[in-house]
>>> print(open('coords28.cif').read())   # mmCIF, C-alpha atoms
data_coords
loop_
_atom_site.label_atom_id
_atom_site.label_comp_id
_atom_site.auth_asym_id
_atom_site.auth_seq_id
_atom_site.Cartn_x
_atom_site.Cartn_y
_atom_site.Cartn_z
CA MET A 31 10.97 -17.50 -63.78
CA GLY A 32 10.08 -15.27 -66.74
CA LEU A 33 7.32 -12.75 -67.38
CA THR A 34 3.92 -12.95 -65.72
CA ILE A 35 0.67 -11.04 -66.07
CA GLY A 36 -1.10 -9.36 -63.19
CA VAL A 37 -4.82 -8.64 -63.37
CA ASP A 38 -6.55 -5.94 -61.31
CA ILE A 39 -10.36 -6.16 -61.24
CA GLY A 40 -11.76 -2.69 -60.64
CA GLY A 41 -15.30 -1.42 -60.41
CA THR A 42 -15.20 0.20 -63.85
CA LYS A 43 -12.25 -1.45 -65.61
CA ILE A 44 -10.15 -4.59 -65.59
CA ALA A 45 -6.44 -4.00 -66.15
CA ALA A 46 -3.88 -6.63 -67.12
CA GLY A 47 -0.16 -5.93 -67.23
CA VAL A 48 2.97 -7.86 -68.18
CA VAL A 49 5.43 -7.62 -65.28
CA ASP A 50 9.07 -8.66 -65.14
CA GLU A 51 10.93 -10.06 -62.13
CA GLU A 52 12.01 -6.58 -61.01
CA GLY A 53 8.40 -5.37 -60.84
CA ASN A 54 8.50 -3.32 -64.04
CA ILE A 55 5.28 -3.16 -66.06
CA LEU A 56 6.15 -3.80 -69.71
CA SER A 57 2.71 -3.53 -71.29
CA THR A 58 -0.91 -3.14 -70.21
CA HIS A 59 -4.38 -3.70 -71.61
CA LYS A 60 -7.62 -2.47 -70.10
CA VAL A 61 -11.25 -3.43 -70.75
CA PRO A 62 -14.51 -2.25 -69.15
CA THR A 63 -15.78 -4.24 -66.19
CA PRO A 64 -18.98 -6.09 -67.20
CA GLY A 65 -21.96 -6.44 -64.92
CA THR A 66 -22.17 -10.25 -64.76
CA PRO A 67 -19.83 -12.87 -63.27
CA GLU A 68 -19.43 -14.72 -66.57
CA GLY A 69 -18.87 -11.45 -68.37
CA ILE A 70 -16.04 -10.67 -65.96
CA VAL A 71 -14.35 -13.99 -66.77
CA ASP A 72 -14.59 -13.11 -70.47
CA ALA A 73 -13.19 -9.64 -69.77
CA ILE A 74 -10.26 -11.03 -67.75
CA ALA A 75 -9.39 -13.34 -70.64
CA SER A 76 -9.64 -10.45 -73.11
CA ALA A 77 -7.39 -8.22 -70.98
CA VAL A 78 -4.81 -11.00 -70.60
CA GLU A 79 -4.76 -11.68 -74.32
CA GLY A 80 -4.36 -7.99 -75.08
CA ALA A 81 -1.47 -7.56 -72.64
CA ARG A 82 0.44 -10.73 -73.59
CA ALA A 83 0.80 -9.89 -77.30
CA GLY A 84 4.49 -10.12 -78.20
CA HIS A 85 5.54 -11.55 -74.82
CA GLU A 86 6.36 -15.04 -73.61
CA ILE A 87 4.24 -15.43 -70.47
CA VAL A 88 4.63 -18.14 -67.82
CA GLY A 89 1.64 -17.41 -65.59
CA VAL A 90 -1.19 -15.09 -64.54
CA GLY A 91 -2.04 -13.67 -61.12
CA ILE A 92 -5.51 -12.23 -60.51
CA GLY A 93 -6.27 -9.83 -57.66
CA ALA A 94 -9.90 -10.26 -56.60
CA ALA A 95 -11.77 -8.38 -53.90
CA GLY A 96 -13.21 -10.99 -51.59
CA TYR A 97 -12.40 -14.18 -49.72
CA VAL A 98 -10.02 -16.40 -51.71
CA ASN A 99 -9.26 -19.96 -50.64
CA ARG A 100 -5.81 -21.02 -49.50
CA GLN A 101 -5.24 -22.97 -52.71
CA ARG A 102 -5.48 -19.65 -54.60
CA SER A 103 -8.10 -21.07 -56.94
CA GLU A 104 -11.60 -20.21 -55.72
CA VAL A 105 -13.36 -17.05 -54.57
CA TYR A 106 -15.50 -18.03 -51.61
CA PHE A 107 -17.32 -14.71 -51.57
CA ALA A 108 -16.97 -11.34 -53.31
CA PRO A 109 -18.84 -8.34 -51.95
CA ASN A 110 -19.28 -6.49 -55.24
CA ILE A 111 -19.55 -9.39 -57.70
CA ASP A 112 -22.03 -12.25 -57.50
CA TRP A 113 -19.28 -14.80 -56.91
CA ARG A 114 -20.05 -17.55 -54.40
CA ASN A 115 -17.57 -20.46 -54.38
CA GLU A 116 -16.46 -19.29 -57.83
CA PRO A 117 -13.79 -21.55 -59.46
CA LEU A 118 -12.07 -18.55 -61.03
CA LYS A 119 -8.70 -20.21 -61.58
CA GLU A 120 -10.24 -23.08 -63.53
CA LYS A 121 -12.39 -20.83 -65.69
CA VAL A 122 -9.65 -18.38 -66.62
CA GLU A 123 -7.07 -21.12 -67.26
CA ALA A 124 -9.47 -22.71 -69.71
CA ARG A 125 -9.73 -19.41 -71.57
CA VAL A 126 -6.08 -18.29 -71.66
CA GLY A 127 -4.14 -21.55 -71.61
CA LEU A 128 -1.77 -20.38 -68.88
CA PRO A 129 -1.30 -21.27 -65.20
CA VAL A 130 -3.44 -18.95 -63.08
CA VAL A 131 -3.42 -18.08 -59.37
CA VAL A 132 -6.08 -16.01 -57.63
CA GLU A 133 -5.16 -13.70 -54.75
CA ASN A 134 -7.12 -11.37 -52.53
CA ASP A 135 -6.58 -7.91 -54.02
CA ALA A 136 -5.37 -6.35 -50.76
CA ASN A 137 -2.91 -9.21 -50.27
CA ALA A 138 -1.65 -8.66 -53.81
CA ALA A 139 -1.18 -4.93 -53.20
CA ALA A 140 0.60 -5.63 -49.91
CA TRP A 141 2.97 -8.04 -51.62
CA GLY A 142 3.69 -5.53 -54.38
CA GLU A 143 4.61 -2.85 -51.84
CA TYR A 144 6.68 -5.27 -49.76
CA LYS A 145 8.63 -6.61 -52.73
CA PHE A 146 9.03 -3.56 -54.96
CA GLY A 147 7.83 -0.49 -53.04
CA ALA A 148 7.92 0.95 -49.54
CA GLY A 149 8.57 -2.43 -47.90
CA LYS A 150 11.89 -3.15 -49.59
CA GLY A 151 14.46 -4.07 -46.95
CA HIS A 152 11.85 -5.20 -44.40
CA ARG A 153 11.11 -8.80 -43.39
CA ASN A 154 8.01 -8.10 -41.30
CA VAL A 155 5.48 -5.54 -42.48
CA ILE A 156 1.78 -4.96 -42.16
CA CYS A 157 0.06 -3.13 -45.00
CA ILE A 158 -3.26 -1.36 -44.72
CA THR A 159 -5.18 0.23 -47.56
CA LEU A 160 -7.22 3.27 -46.64
CA GLY A 161 -9.62 3.71 -49.52
CA THR A 162 -13.39 3.59 -49.77
CA GLY A 163 -13.05 0.76 -47.26
CA LEU A 164 -10.11 -0.65 -45.32
CA GLY A 165 -8.08 -3.71 -46.30
CA GLY A 166 -4.61 -5.05 -45.71
CA GLY A 167 -2.00 -7.75 -45.89
CA ILE A 168 0.45 -9.50 -43.56
CA ILE A 169 4.06 -10.26 -44.48
CA ILE A 170 5.96 -12.01 -41.70
CA GLY A 171 9.38 -13.57 -42.25
CA ASN A 172 9.27 -12.57 -45.93
CA LYS A 173 6.12 -14.64 -46.43
CA LEU A 174 2.60 -13.52 -47.26
CA ARG A 175 0.43 -14.91 -44.46
CA ARG A 176 -3.00 -15.92 -45.74
CA GLY A 177 -4.17 -17.97 -42.74
CA HIS A 178 -5.34 -21.57 -42.66
CA TYR A 179 -8.35 -20.99 -44.93
CA GLY A 180 -6.81 -18.18 -46.97
CA VAL A 181 -8.92 -15.34 -45.61
CA ALA A 182 -6.62 -13.68 -43.06
CA ALA A 183 -5.95 -9.91 -42.89
CA GLU A 184 -9.54 -8.74 -43.32
CA PHE A 185 -8.54 -5.84 -41.11
CA GLY A 186 -11.47 -3.66 -42.08
CA HIS A 187 -13.82 -6.00 -40.27
CA ILE A 188 -12.07 -6.12 -36.93
CA ARG A 189 -14.76 -4.94 -34.52
CA MET A 190 -13.49 -1.74 -32.96
CA VAL A 191 -16.74 -0.56 -31.34
CA PRO A 192 -19.14 -3.09 -29.79
CA ASP A 193 -22.65 -2.41 -31.12
CA GLY A 194 -21.19 0.40 -33.24
CA LEU A 195 -22.05 1.58 -36.71
CA LEU A 196 -23.61 -0.96 -39.06
CA CYS A 197 -21.14 -2.22 -41.66
CA GLY A 198 -21.86 -3.48 -45.15
CA CYS A 199 -20.63 -6.91 -44.03
CA GLY A 200 -23.63 -7.14 -41.68
CA SER A 201 -21.67 -6.66 -38.46
CA GLN A 202 -21.47 -3.55 -36.30
CA GLY A 203 -18.53 -1.39 -35.28
CA CYS A 204 -16.05 -2.59 -37.93
CA TRP A 205 -12.77 -0.68 -38.19
CA GLU A 206 -13.49 0.52 -41.73
CA GLN A 207 -16.58 2.33 -40.49
CA TYR A 208 -14.23 4.63 -38.56
CA ALA A 209 -11.06 4.70 -40.69
CA SER A 210 -11.81 4.87 -44.41
CA GLY A 211 -12.78 7.28 -47.16
CA ARG A 212 -16.44 6.77 -46.36
CA ALA A 213 -15.79 7.56 -42.70
CA LEU A 214 -13.88 10.73 -43.59
CA VAL A 215 -16.79 12.06 -45.65
CA ARG A 216 -19.21 11.21 -42.85
CA TYR A 217 -17.11 13.07 -40.29
CA ALA A 218 -16.92 16.14 -42.51
CA LYS A 219 -20.65 16.20 -43.21
CA GLN A 220 -21.50 15.82 -39.53
CA ARG A 221 -19.12 18.57 -38.48
CA ALA A 222 -20.12 20.95 -41.26
CA ASN A 223 -23.76 20.48 -40.34
CA ALA A 224 -23.07 21.16 -36.65
CA THR A 225 -20.73 24.15 -37.14
CA PRO A 226 -21.10 25.55 -40.67
CA GLU A 227 -19.25 28.70 -39.66
CA SER A 228 -16.10 26.56 -39.23
CA ALA A 229 -16.50 24.97 -42.66
CA GLU A 230 -16.72 27.96 -44.97
CA ILE A 231 -13.89 26.82 -47.24
CA LEU A 232 -15.13 23.25 -47.33
CA LEU A 233 -18.75 24.16 -48.04
CA GLY A 234 -17.63 26.54 -50.76
CA MET A 235 -16.11 23.66 -52.71
CA GLY A 236 -19.37 21.76 -53.11
CA ASP A 237 -22.95 22.92 -53.54
CA GLY A 238 -22.87 24.86 -50.29
CA SER A 239 -24.56 22.15 -48.23
CA PRO A 240 -23.04 19.47 -45.98
CA GLU A 241 -24.73 16.83 -48.15
CA GLY A 242 -22.69 18.01 -51.15
CA ILE A 243 -19.30 17.38 -49.52
CA GLU A 244 -17.07 14.89 -51.33
CA GLY A 245 -13.72 13.39 -50.41
CA LYS A 246 -11.80 15.59 -52.84
CA HIS A 247 -13.33 18.69 -51.22
CA ILE A 248 -12.10 17.65 -47.78
CA SER A 249 -8.54 17.22 -49.03
CA MET A 250 -8.44 20.59 -50.77
CA ALA A 251 -10.09 22.39 -47.86
CA ALA A 252 -7.75 20.80 -45.28
CA ARG A 253 -4.73 22.04 -47.23
CA GLN A 254 -6.19 25.54 -46.98
CA GLY A 255 -6.65 25.21 -43.23
CA ASP A 256 -10.41 24.68 -43.07
CA PRO A 257 -11.04 23.72 -39.41
CA VAL A 258 -13.73 21.15 -40.14
CA ALA A 259 -11.70 19.45 -42.87
CA VAL A 260 -8.58 19.32 -40.70
CA ASP A 261 -10.54 17.98 -37.73
CA SER A 262 -12.14 15.31 -39.93
CA TYR A 263 -8.71 14.03 -40.93
CA ARG A 264 -7.66 14.00 -37.29
CA GLU A 265 -10.69 11.91 -36.37
CA LEU A 266 -9.96 9.41 -39.12
CA ALA A 267 -6.30 9.30 -38.04
CA ARG A 268 -7.28 8.74 -34.41
CA TRP A 269 -9.10 5.55 -35.37
CA ALA A 270 -6.50 4.44 -37.90
CA GLY A 271 -3.67 4.85 -35.40
CA ALA A 272 -5.57 3.04 -32.66
CA GLY A 273 -6.07 0.10 -34.99
CA LEU A 274 -2.38 0.01 -35.89
CA ALA A 275 -1.53 -0.11 -32.20
CA ASP A 276 -3.70 -3.23 -31.86
CA LEU A 277 -2.03 -4.81 -34.90
CA ALA A 278 1.39 -4.04 -33.39
CA SER A 279 0.40 -6.05 -30.32
CA LEU A 280 -0.46 -8.98 -32.58
CA PHE A 281 2.34 -8.92 -35.17
CA ASP A 282 5.13 -6.60 -33.95
CA PRO A 283 6.17 -5.49 -37.48
CA SER A 284 9.11 -3.24 -38.29
CA ALA A 285 6.86 -1.07 -40.46
CA PHE A 286 3.28 -0.31 -41.30
CA ILE A 287 2.76 0.62 -44.94
CA VAL A 288 -0.29 2.81 -45.54
CA GLY A 289 -1.71 2.65 -49.06
CA GLY A 290 -5.03 3.33 -50.73
CA GLY A 291 -6.41 6.61 -51.96
CA LEU A 292 -6.10 8.38 -48.62
CA SER A 293 -2.36 7.74 -48.52
CA ASP A 294 -2.05 10.07 -51.52
CA GLU A 295 -2.57 12.92 -49.05
CA GLY A 296 0.90 12.25 -47.60
CA GLU A 297 1.71 13.84 -44.27
CA LEU A 298 -1.75 15.37 -44.03
CA VAL A 299 -2.96 11.94 -43.01
CA LEU A 300 0.25 10.09 -42.06
CA ASP A 301 1.48 12.50 -39.39
CA PRO A 302 -1.69 12.33 -37.26
CA ILE A 303 -1.86 8.56 -37.77
CA ARG A 304 1.67 8.23 -36.35
CA LYS A 305 0.74 10.35 -33.35
CA SER A 306 -2.39 8.32 -32.67
CA TYR A 307 -0.51 5.05 -33.12
CA LYS A 308 2.11 6.08 -30.53
CA ARG A 309 -0.62 7.35 -28.22
CA TRP A 310 -2.40 3.97 -28.16
CA LEU A 311 0.58 1.63 -28.43
CA VAL A 312 0.82 -0.42 -25.24
CA GLY A 313 4.15 0.24 -23.59
CA GLY A 314 4.94 2.76 -26.32
CA ASN A 315 7.41 4.69 -24.17
CA TRP A 316 9.48 1.58 -23.49
CA ARG A 317 9.47 -0.43 -26.71
CA PRO A 318 10.64 0.01 -30.30
CA VAL A 319 8.01 1.76 -32.42
CA ALA A 320 7.36 0.57 -35.97
CA ASP A 321 7.67 3.04 -38.80
CA VAL A 322 4.44 4.26 -40.40
CA ILE A 323 5.25 4.96 -44.03
CA ALA A 324 3.39 5.77 -47.22
CA ALA A 325 2.98 3.20 -49.97
CA GLN A 326 4.98 3.97 -53.10
CA LEU A 327 3.35 2.07 -55.96
CA GLY A 328 -0.06 3.73 -55.94
CA ASN A 329 -2.72 1.94 -57.96
CA LYS A 330 -0.07 -0.26 -59.61
CA ALA A 331 0.58 -2.22 -56.40
CA GLY A 332 -2.19 -4.76 -56.85
CA LEU A 333 -1.34 -5.55 -60.46
CA VAL A 334 2.40 -5.83 -59.79
CA GLY A 335 1.86 -7.88 -56.64
CA ALA A 336 -0.58 -10.29 -58.31
CA ALA A 337 1.86 -10.81 -61.18
CA ASP A 338 4.74 -11.54 -58.82
CA LEU A 339 2.67 -13.88 -56.66
CA ALA A 340 2.02 -15.95 -59.78
CA ARG A 341 5.72 -16.88 -59.51
CA GLU A 342 5.43 -17.90 -55.85
CA PRO A 343 5.15 -21.62 -55.02
CA ASP A 344 1.76 -23.00 -54.05
CA PRO A 345 1.43 -22.12 -50.32
CA ILE A 346 -0.15 -25.52 -49.64
CA MET A 347 3.02 -27.37 -50.70
#
>>> encode(input="coords28.cif", output="structure tokens")
Amino acid sequence: MGLTIGVDIGGTKIAAGVVDEEGNILSTHKVPTPGTPEGIVDAIASAVEGARAGHEIVGVGIGAAGYVNRQRSEVYFAPNIDWRNEPLKEKVEARVGLPVVVENDANAAAWGEYKFGAGKGHRNVICITLGTGLGGGIIIGNKLRRGHYGVAAEFGHIRMVPDGLLCGCGSQGCWEQYASGRALVRYAKQRANATPESAEILLGMGDGSPEGIEGKHISMAARQGDPVAVDSYRELARWAGAGLADLASLFDPSAFIVGGGLSDEGELVLDPIRKSYKRWLVGGNWRPVADVIAAQLGNKAGLVGAADLAREPDPIM
């Protein structure tokens, strides 16, 4: 099939990379992320042109945060960019002169991990990304499952708590309000405010106040045994594991792959997630239990996955 380019649209930069059929990144080019929708199209084209120099490219895959239609051409809605029914495929193709497909960024990262990372050897995996929010992807029978309209696997907005915490999506009680980087920081601030004597290490890493706690402080303090930091991770893991148990009832995968920034903490977060998952899994004592494993590709997963999905046949066909 030849070389393809994957594009990862981040909050501060847009990265494009040439990727071969084994998932190796051969070259990359990065540009700052502009503040306007049209500026982002220009920046994508610039990143693609910078990455493709000296390579024969057969297609481009773009990972976009938001709802992408099943035809992989239009962004229905993007939460952080003013895209509403945006014909992104058409616009970028006109600029770069190559076939383009658009994928949800979490789907692209899930596919990258399934094909080239922690999911190798599995046919049925569910990926979740624990970052600032919570996303994911579904691979069943070696196929990425997008749903009828293309917007499946928005796991972060499964309602876990009726009338719970208000989410940025406008709903209440969404899973990502309880299992995400934002949730972790909230737990730590609440606990440090209630029992500052149990958060001496944690508070010492910021400005001394609960309001000054950041995610990096919680990680460092937990590794030093700070009770509040450790308990905050356990609370996040309790919710993450409970959600995985629900997903197991729906999809029965052989493995859950946990990616996103929080997965970088390794067993600090994975071990309590496994325990919570087994605790809430229906019939867990009498049924096979899926593995819960860390993603392997880090922040390269989305770019590599988007590039590889550009080789995949149109899912409508």
>>> closest_residue(input="coords28.cif", among="A:Ile70, A:Leu160, A:Val49, A:Val105", to="Lys330 in chain A", atoms="all atoms listed in the file")
A:Val49
>>> resolve_selection(input="coords28.cif", expression="the PyMOL selection byres ((chain A and resi 110) around 12)", output="PyMOL selection string")
chain A and resi 39-42+63-67+70+94-97+107-109+111-114+198-199
>>> write_last_selection(input="coords28.cif", atoms="C-alpha atoms", output="compact mmCIF listing (two decimals), in the coordinates of the input")
# COMPACT_ATOMS: atom_id res chain seq x y z
CA ILE A 39 -10.36 -6.16 -61.24
CA GLY A 40 -11.76 -2.69 -60.64
CA GLY A 41 -15.30 -1.42 -60.41
CA THR A 42 -15.20 0.20 -63.85
CA THR A 63 -15.78 -4.24 -66.19
CA PRO A 64 -18.98 -6.09 -67.20
CA GLY A 65 -21.96 -6.44 -64.92
CA THR A 66 -22.17 -10.25 -64.76
CA PRO A 67 -19.83 -12.87 -63.27
CA ILE A 70 -16.04 -10.67 -65.96
CA ALA A 94 -9.90 -10.26 -56.60
CA ALA A 95 -11.77 -8.38 -53.90
CA GLY A 96 -13.21 -10.99 -51.59
CA TYR A 97 -12.40 -14.18 -49.72
CA PHE A 107 -17.32 -14.71 -51.57
CA ALA A 108 -16.97 -11.34 -53.31
CA PRO A 109 -18.84 -8.34 -51.95
CA ILE A 111 -19.55 -9.39 -57.70
CA ASP A 112 -22.03 -12.25 -57.50
CA TRP A 113 -19.28 -14.80 -56.91
CA ARG A 114 -20.05 -17.55 -54.40
CA GLY A 198 -21.86 -3.48 -45.15
CA CYS A 199 -20.63 -6.91 -44.03
>>> closest_atom_pairs(input="coords28.cif", of="range 242-315 of chain A", to="range 171-174 of chain A", cutoff="12 Å", atoms="all atoms listed in the file", output="Markdown table")
| residue | atom | partner | partner_atom | distance |
| --- | --- | --- | --- | --- |
| A:Phe281 | CA | A:Gly171 | CA | 11.0 |
| A:Asp282 | CA | A:Gly171 | CA | 11.6 |
| A:Pro283 | CA | A:Gly171 | CA | 9.9 |
| A:Ser284 | CA | A:Gly171 | CA | 11.1 |
>>> resolve_selection(input="coords28.cif", expression="the PyMOL selection byres ((chain A and resi 236) around 12)", output="number ranges by chain")
A: 219, 222, 229-235, 237-248, 250-251
>>> closest_residue(input="coords28.cif", among="A:Ala218, A:Val48, A:Ala278, A:Val131", to="Gly314 in chain A", atoms="all atoms listed in the file")
A:Ala278
>>> axis_aligned_box(input="coords28.cif", around="range 41-51 of chain A", padding_each_side="4 Å", output="AutoDock Vina command-line options")
--center_x -2.2 --center_y -4.9 --center_z -64.3 --size_x 34.2 --size_y 18.3 --size_z 15.8
>>> closest_residue(input="coords28.cif", among="A:Leu327, A:Val71, A:Gly93, A:Gln101", to="Ala148 in chain A", atoms="only C-alpha atoms")
A:Leu327
>>> resolve_selection(input="coords28.cif", expression="the PyMOL selection byres ((chain A and resi 272) around 8)", output="PDB file with C-alpha atoms, in the coordinates of the input")
ATOM      1  CA  ARG A 268      -7.280   8.740 -34.410  1.00  0.00           C
ATOM      2  CA  TRP A 269      -9.100   5.550 -35.370  1.00  0.00           C
ATOM      3  CA  ALA A 270      -6.500   4.440 -37.900  1.00  0.00           C
ATOM      4  CA  GLY A 271      -3.670   4.850 -35.400  1.00  0.00           C
ATOM      5  CA  GLY A 273      -6.070   0.100 -34.990  1.00  0.00           C
ATOM      6  CA  LEU A 274      -2.380   0.010 -35.890  1.00  0.00           C
ATOM      7  CA  ALA A 275      -1.530  -0.110 -32.200  1.00  0.00           C
ATOM      8  CA  ASP A 276      -3.700  -3.230 -31.860  1.00  0.00           C
ATOM      9  CA  SER A 306      -2.390   8.320 -32.670  1.00  0.00           C
ATOM     10  CA  TYR A 307      -0.510   5.050 -33.120  1.00  0.00           C
ATOM     11  CA  ARG A 309      -0.620   7.350 -28.220  1.00  0.00           C
ATOM     12  CA  TRP A 310      -2.400   3.970 -28.160  1.00  0.00           C
ATOM     13  CA  LEU A 311       0.580   1.630 -28.430  1.00  0.00           C
TER      14      LEU A 311
END
>>> closest_residue(input="coords28.cif", among="A:Leu266, A:Ile92, A:Val126, A:Leu280", to="Ile170 in chain A", atoms="all atoms listed in the file")
A:Leu280
>>> atom_distance(input="coords28.cif", atom1="CA of Leu300 in chain A", atom2="CA of Cys197 in chain A")
24.7 Å
>>> atom_distance(input="coords28.cif", atom1="CA of Gly161 in chain A", atom2="CA of Ala77 in chain A")
24.7 Å
>>> residues_around(input="coords28.cif", residues="His59 in chain A", least_positions_apart="4", cutoff="8 Å", atoms="only C-alpha atoms", output="number ranges by chain")
A: 45-47, 77-78, 80-81
>>> closest_residue(input="coords28.cif", among="A:Val132, A:Ala224, A:Ile156, A:Leu277", to="Gly89 in chain A", atoms="all atoms listed in the file")
A:Val132
>>> closest_residue(input="coords28.cif", among="A:Asp321, A:Glu116, A:Asp193, A:Asp344", to="Phe286 in chain A", atoms="all atoms listed in the file")
A:Asp321
>>> atom_distance(input="coords28.cif", atom1="CA of Arg175 in chain A", atom2="CA of Ala139 in chain A")
13.4 Å
>>> residues_around(input="coords28.cif", residues="Arg264 in chain A", least_positions_apart="4", cutoff="10 Å", atoms="all atoms listed in the file", output="VMD selection string")
chain A and resid 214 217 258 to 260 268 to 270 298 to 299 301 to 303 305 to 306
>>> residues_around(input="coords28.cif", residues="Asn54 in chain A", least_positions_apart="4", cutoff="12 Å", atoms="only C-alpha atoms", output="short mmCIF file (atom, residue, chain, number, x, y, z; two decimals) with C-alpha atoms, in the frame of the given file")
data_model
loop_
_atom_site.label_atom_id
_atom_site.label_comp_id
_atom_site.auth_asym_id
_atom_site.auth_seq_id
_atom_site.Cartn_x
_atom_site.Cartn_y
_atom_site.Cartn_z
CA LEU A 33 7.32 -12.75 -67.38
CA THR A 34 3.92 -12.95 -65.72
CA ILE A 35 0.67 -11.04 -66.07
CA GLY A 36 -1.10 -9.36 -63.19
CA GLY A 47 -0.16 -5.93 -67.23
CA VAL A 48 2.97 -7.86 -68.18
CA VAL A 49 5.43 -7.62 -65.28
CA ASP A 50 9.07 -8.66 -65.14
CA THR A 58 -0.91 -3.14 -70.21
CA GLY A 142 3.69 -5.53 -54.38
CA LYS A 145 8.63 -6.61 -52.73
CA PHE A 146 9.03 -3.56 -54.96
CA GLY A 147 7.83 -0.49 -53.04
CA LEU A 327 3.35 2.07 -55.96
CA LYS A 330 -0.07 -0.26 -59.61
CA ALA A 331 0.58 -2.22 -56.40
CA LEU A 333 -1.34 -5.55 -60.46
CA VAL A 334 2.40 -5.83 -59.79
CA GLY A 335 1.86 -7.88 -56.64
CA ALA A 337 1.86 -10.81 -61.18
CA ASP A 338 4.74 -11.54 -58.82
#
>>> residues_around(input="coords28.cif", residues="Glu206 in chain A", least_positions_apart="3", cutoff="12 Å", atoms="all atoms listed in the file", output="count of residues only")
37
